[in-house]
file input.cif (mmCIF, N, CA and C atoms)
data_entry
loop_
_atom_site.group_PDB
_atom_site.id
_atom_site.type_symbol
_atom_site.label_atom_id
_atom_site.label_comp_id
_atom_site.auth_asym_id
_atom_site.auth_seq_id
_atom_site.Cartn_x
_atom_site.Cartn_y
_atom_site.Cartn_z
ATOM 1 N N MET A 1358 60.245 75.949 83.284
ATOM 2 C CA MET A 1358 58.864 76.273 83.076
ATOM 3 C C MET A 1358 58.002 75.158 83.659
ATOM 4 N N LEU A 1359 56.928 75.560 84.317
ATOM 5 C CA LEU A 1359 55.960 74.595 84.829
ATOM 6 C C LEU A 1359 54.614 74.880 84.177
ATOM 7 N N LEU A 1360 53.979 73.850 83.697
ATOM 8 C CA LEU A 1360 52.644 73.954 83.138
ATOM 9 C C LEU A 1360 51.705 73.258 84.110
ATOM 10 N N LEU A 1361 50.816 74.035 84.726
ATOM 11 C CA LEU A 1361 49.878 73.491 85.699
ATOM 12 C C LEU A 1361 48.506 73.385 85.049
ATOM 13 N N LEU A 1362 47.995 72.177 84.951
ATOM 14 C CA LEU A 1362 46.694 71.934 84.326
ATOM 15 C C LEU A 1362 45.705 71.449 85.380
ATOM 16 N N HIS A 1363 44.568 72.112 85.465
ATOM 17 C CA HIS A 1363 43.545 71.733 86.432
ATOM 18 C C HIS A 1363 42.693 70.593 85.883
ATOM 19 N N GLY A 1364 41.892 70.025 86.742
ATOM 20 C CA GLY A 1364 40.997 68.947 86.340
ATOM 21 C C GLY A 1364 39.748 69.473 85.660
ATOM 22 N N ALA A 1365 38.949 68.569 85.154
ATOM 23 C CA ALA A 1365 37.713 68.930 84.454
ATOM 24 C C ALA A 1365 36.774 69.667 85.402
ATOM 25 N N GLY A 1366 36.190 70.747 84.902
ATOM 26 C CA GLY A 1366 35.244 71.522 85.687
ATOM 27 C C GLY A 1366 35.884 72.414 86.737
ATOM 28 N N ALA A 1367 37.184 72.528 86.743
ATOM 29 C CA ALA A 1367 37.889 73.344 87.730
ATOM 30 C C ALA A 1367 38.413 74.625 87.063
ATOM 31 N N SER A 1368 39.361 75.271 87.709
ATOM 32 C CA SER A 1368 39.935 76.495 87.152
ATOM 33 C C SER A 1368 41.336 76.693 87.703
ATOM 34 N N THR A 1369 41.950 77.784 87.307
ATOM 35 C CA THR A 1369 43.287 78.101 87.812
ATOM 36 C C THR A 1369 43.289 78.329 89.316
ATOM 37 N N HIS A 1370 42.111 78.518 89.915
ATOM 38 C CA HIS A 1370 42.050 78.665 91.373
ATOM 39 C C HIS A 1370 42.623 77.429 92.064
ATOM 40 N N THR A 1371 42.646 76.308 91.363
ATOM 41 C CA THR A 1371 43.227 75.087 91.919
ATOM 42 C C THR A 1371 44.643 75.342 92.418
ATOM 43 N N TRP A 1372 45.363 76.221 91.728
ATOM 44 C CA TRP A 1372 46.785 76.457 91.997
ATOM 45 C C TRP A 1372 47.058 77.758 92.745
ATOM 46 N N ARG A 1373 46.029 78.497 93.150
ATOM 47 C CA ARG A 1373 46.218 79.853 93.668
ATOM 48 C C ARG A 1373 47.159 79.927 94.870
ATOM 49 N N ASP A 1374 47.165 78.931 95.715
ATOM 50 C CA ASP A 1374 48.043 78.979 96.887
ATOM 51 C C ASP A 1374 49.464 78.514 96.576
ATOM 52 N N LEU A 1375 49.615 77.730 95.568
ATOM 53 C CA LEU A 1375 50.905 77.154 95.205
ATOM 54 C C LEU A 1375 51.696 78.024 94.229
ATOM 55 N N MET A 1376 51.000 78.748 93.349
ATOM 56 C CA MET A 1376 51.682 79.506 92.284
ATOM 57 C C MET A 1376 52.684 80.541 92.788
ATOM 58 N N PRO A 1377 52.390 81.325 93.831
ATOM 59 C CA PRO A 1377 53.389 82.315 94.257
ATOM 60 C C PRO A 1377 54.731 81.694 94.644
ATOM 61 N N ASP A 1378 54.700 80.569 95.334
ATOM 62 C CA ASP A 1378 55.949 79.901 95.711
ATOM 63 C C ASP A 1378 56.674 79.352 94.488
ATOM 64 N N LEU A 1379 55.945 78.711 93.584
ATOM 65 C CA LEU A 1379 56.569 78.153 92.382
ATOM 66 C C LEU A 1379 57.144 79.252 91.491
ATOM 67 N N ALA A 1380 56.445 80.392 91.418
ATOM 68 C CA ALA A 1380 56.875 81.487 90.547
ATOM 69 C C ALA A 1380 58.196 82.103 91.001
ATOM 70 N N GLN A 1381 58.610 81.856 92.218
ATOM 71 C CA GLN A 1381 59.912 82.343 92.676
ATOM 72 C C GLN A 1381 61.063 81.602 92.005
ATOM 73 N N HIS A 1382 60.774 80.415 91.487
ATOM 74 C CA HIS A 1382 61.827 79.570 90.922
ATOM 75 C C HIS A 1382 61.605 79.181 89.464
ATOM 76 N N PHE A 1383 60.375 79.311 88.990
ATOM 77 C CA PHE A 1383 60.034 78.839 87.651
ATOM 78 C C PHE A 1383 59.127 79.833 86.934
ATOM 79 N N ARG A 1384 59.101 79.743 85.627
ATOM 80 C CA ARG A 1384 58.056 80.398 84.850
ATOM 81 C C ARG A 1384 56.842 79.483 84.968
ATOM 82 N N VAL A 1385 55.744 79.991 85.496
ATOM 83 C CA VAL A 1385 54.558 79.187 85.743
ATOM 84 C C VAL A 1385 53.464 79.578 84.757
ATOM 85 N N ILE A 1386 52.922 78.593 84.065
ATOM 86 C CA ILE A 1386 51.806 78.792 83.151
ATOM 87 C C ILE A 1386 50.662 77.933 83.673
ATOM 88 N N ALA A 1387 49.550 78.597 84.017
ATOM 89 C CA ALA A 1387 48.398 77.891 84.586
ATOM 90 C C ALA A 1387 47.137 78.352 83.866
ATOM 91 N N PRO A 1388 46.902 77.824 82.679
ATOM 92 C CA PRO A 1388 45.729 78.261 81.907
ATOM 93 C C PRO A 1388 44.462 77.536 82.346
ATOM 94 N N ASP A 1389 43.349 78.152 82.014
ATOM 95 C CA ASP A 1389 42.073 77.456 82.124
ATOM 96 C C ASP A 1389 41.809 76.772 80.797
ATOM 97 N N PHE A 1390 41.257 75.574 80.841
ATOM 98 C CA PHE A 1390 40.855 74.912 79.609
ATOM 99 C C PHE A 1390 39.717 75.705 78.972
ATOM 100 N N PRO A 1391 39.589 75.656 77.661
ATOM 101 C CA PRO A 1391 38.517 76.383 76.986
ATOM 102 C C PRO A 1391 37.145 76.038 77.572
ATOM 103 N N GLY A 1392 36.390 77.081 77.900
ATOM 104 C CA GLY A 1392 35.057 76.884 78.438
ATOM 105 C C GLY A 1392 35.012 76.572 79.918
ATOM 106 N N GLN A 1393 36.156 76.574 80.596
ATOM 107 C CA GLN A 1393 36.207 76.290 82.023
ATOM 108 C C GLN A 1393 36.866 77.449 82.750
ATOM 109 N N GLY A 1394 36.612 77.539 84.032
ATOM 110 C CA GLY A 1394 37.229 78.589 84.825
ATOM 111 C C GLY A 1394 36.865 79.969 84.312
ATOM 112 N N PHE A 1395 37.891 80.769 84.029
ATOM 113 C CA PHE A 1395 37.681 82.143 83.597
ATOM 114 C C PHE A 1395 37.721 82.300 82.081
ATOM 115 N N SER A 1396 37.759 81.206 81.343
ATOM 116 C CA SER A 1396 37.807 81.298 79.880
ATOM 117 C C SER A 1396 36.392 81.360 79.304
ATOM 118 N N SER A 1397 36.308 81.886 78.110
ATOM 119 C CA SER A 1397 35.002 81.966 77.454
ATOM 120 C C SER A 1397 34.672 80.643 76.768
ATOM 121 N N LEU A 1398 33.395 80.457 76.505
ATOM 122 C CA LEU A 1398 32.965 79.248 75.802
ATOM 123 C C LEU A 1398 33.413 79.315 74.349
ATOM 124 N N PRO A 1399 34.070 78.280 73.862
ATOM 125 C CA PRO A 1399 34.482 78.269 72.456
ATOM 126 C C PRO A 1399 33.288 78.057 71.532
ATOM 127 N N ALA A 1400 33.402 78.598 70.343
ATOM 128 C CA ALA A 1400 32.331 78.447 69.350
ATOM 129 C C ALA A 1400 32.254 77.010 68.825
ATOM 130 N N ARG A 1401 33.382 76.309 68.852
ATOM 131 C CA ARG A 1401 33.430 74.937 68.319
ATOM 132 C C ARG A 1401 33.357 73.929 69.457
ATOM 133 N N SER A 1402 32.437 73.015 69.383
ATOM 134 C CA SER A 1402 32.256 72.047 70.468
ATOM 135 C C SER A 1402 33.369 70.997 70.516
ATOM 136 N N HIS A 1403 34.101 70.786 69.411
ATOM 137 C CA HIS A 1403 35.141 69.748 69.426
ATOM 138 C C HIS A 1403 36.273 70.084 70.396
ATOM 139 N N ILE A 1404 36.364 71.322 70.823
ATOM 140 C CA ILE A 1404 37.434 71.712 71.738
ATOM 141 C C ILE A 1404 37.225 71.087 73.120
ATOM 142 N N PHE A 1405 36.006 70.604 73.403
ATOM 143 C CA PHE A 1405 35.721 69.983 74.690
ATOM 144 C C PHE A 1405 36.166 68.528 74.749
ATOM 145 N N THR A 1406 36.661 67.982 73.653
ATOM 146 C CA THR A 1406 37.186 66.622 73.666
ATOM 147 C C THR A 1406 38.614 66.656 74.200
ATOM 148 N N LEU A 1407 39.115 65.516 74.641
ATOM 149 C CA LEU A 1407 40.510 65.473 75.111
ATOM 150 C C LEU A 1407 41.483 65.903 74.015
ATOM 151 N N PRO A 1408 41.347 65.396 72.781
ATOM 152 C CA PRO A 1408 42.251 65.878 71.726
ATOM 153 C C PRO A 1408 42.105 67.386 71.489
ATOM 154 N N GLY A 1409 40.882 67.908 71.590
ATOM 155 C CA GLY A 1409 40.668 69.341 71.397
ATOM 156 C C GLY A 1409 41.341 70.167 72.481
ATOM 157 N N MET A 1410 41.228 69.710 73.733
ATOM 158 C CA MET A 1410 41.884 70.430 74.836
ATOM 159 C C MET A 1410 43.400 70.332 74.714
ATOM 160 N N ALA A 1411 43.915 69.176 74.307
ATOM 161 C CA ALA A 1411 45.353 69.024 74.115
ATOM 162 C C ALA A 1411 45.850 69.960 73.016
ATOM 163 N N ARG A 1412 45.081 70.070 71.947
ATOM 164 C CA ARG A 1412 45.465 70.973 70.860
ATOM 165 C C ARG A 1412 45.439 72.423 71.333
ATOM 166 N N ALA A 1413 44.449 72.780 72.129
ATOM 167 C CA ALA A 1413 44.364 74.147 72.659
ATOM 168 C C ALA A 1413 45.578 74.464 73.528
ATOM 169 N N MET A 1414 45.999 73.509 74.364
ATOM 170 C CA MET A 1414 47.183 73.735 75.204
ATOM 171 C C MET A 1414 48.444 73.816 74.353
ATOM 172 N N SER A 1415 48.543 72.979 73.339
ATOM 173 C CA SER A 1415 49.687 73.017 72.430
ATOM 174 C C SER A 1415 49.764 74.362 71.708
ATOM 175 N N ASP A 1416 48.617 74.838 71.241
ATOM 176 C CA ASP A 1416 48.570 76.140 70.563
ATOM 177 C C ASP A 1416 48.960 77.265 71.515
ATOM 178 N N LEU A 1417 48.487 77.195 72.755
ATOM 179 C CA LEU A 1417 48.838 78.209 73.748
ATOM 180 C C LEU A 1417 50.347 78.234 73.988
ATOM 181 N N LEU A 1418 50.938 77.056 74.193
ATOM 182 C CA LEU A 1418 52.368 76.996 74.449
ATOM 183 C C LEU A 1418 53.179 77.501 73.247
ATOM 184 N N ALA A 1419 52.714 77.207 72.056
ATOM 185 C CA ALA A 1419 53.399 77.714 70.864
ATOM 186 C C ALA A 1419 53.296 79.230 70.797
ATOM 187 N N THR A 1420 52.125 79.778 71.090
ATOM 188 C CA THR A 1420 51.938 81.225 71.075
ATOM 189 C C THR A 1420 52.830 81.904 72.115
ATOM 190 N N LEU A 1421 52.966 81.288 73.281
ATOM 191 C CA LEU A 1421 53.813 81.844 74.334
ATOM 192 C C LEU A 1421 55.290 81.539 74.127
ATOM 193 N N LYS A 1422 55.587 80.752 73.095
ATOM 194 C CA LYS A 1422 56.963 80.303 72.841
ATOM 195 C C LYS A 1422 57.547 79.610 74.095
ATOM 196 N N ALA A 1423 56.707 78.826 74.722
ATOM 197 C CA ALA A 1423 57.099 78.104 75.932
ATOM 198 C C ALA A 1423 57.580 76.708 75.535
ATOM 199 N N THR A 1424 58.775 76.385 75.931
ATOM 200 C CA THR A 1424 59.353 75.071 75.647
ATOM 201 C C THR A 1424 59.879 74.442 76.918
ATOM 202 N N PRO A 1425 59.904 73.137 76.990
ATOM 203 C CA PRO A 1425 60.465 72.469 78.173
ATOM 204 C C PRO A 1425 61.916 72.883 78.388
ATOM 205 N N GLU A 1426 62.290 72.989 79.619
ATOM 206 C CA GLU A 1426 63.685 73.351 79.943
ATOM 207 C C GLU A 1426 64.461 72.145 80.394
#

call {"tool": "encode", "arguments": {"input": "input.cif", "output": "structure tokens"}}
result
Amino acid sequence: MLLLLHGAGASTHTWRDLMPDLAQHFRVIAPDFPGQGFSSLPARSHIFTLPGMARAMSDLLATLKATPE
């Protein structure tokens, strides 16, 4: 599994050219951070902090049952 995280103010478009090649060999997860890219704005502003974004990614991976291989 590969987890591709974009930079601040970016989106999953960062990986659009690379993902098809990687997906041939790996499960690729390329989320947008809350409030960035194609995601909606969260109701809670604390999600925009680094700990908040880390928690959001952790929650996403748990929901997807994605674990390091």

call {"tool": "residues_around", "arguments": {"input": "input.cif", "residues": "range 1420-1423 of chain A", "least_positions_apart": "5", "cutoff": "8 Å", "atoms": "all atoms listed in the file", "output": "PyMOL selection string"}}
result
chain A and resi 1358+1414-1415

call {"tool": "resolve_selection", "arguments": {"input": "input.cif", "expression": "the PyMOL selection byres (((chain A and resi 1385-1389 and name CA) around 9) and name CA)", "output": "ChimeraX atom specification"}}
result
/A:1358-1363,1367-1369,1372,1376,1379-1380,1382-1384,1390-1396,1414,1417-1418,1423

call {"tool": "atom_distance", "arguments": {"input": "input.cif", "atom1": "CA of Gly1364 in chain A", "atom2": "atom N of Arg1412 in chain A"}}
result
15.0 Å

call {"tool": "atom_distance", "arguments": {"input": "input.cif", "atom1": "CA of Leu1375 in chain A", "atom2": "atom N of Pro1408 in chain A"}}
result
27.1 Å

call {"tool": "axis_aligned_box", "arguments": {"input": "input.cif", "around": "range 1410-1423 of chain A", "padding_each_side": "6 Å", "output": "AutoDock Vina command-line options"}}
result
--center_x 49.4 --center_y 75.5 --center_z 73.2 --size_x 28.4 --size_y 24.9 --size_z 17.4

call {"tool": "atom_distance", "arguments": {"input": "input.cif", "atom1": "CA of Ala1365 in chain A", "atom2": "atom C of Ala1413 in chain A"}}
result
14.6 Å
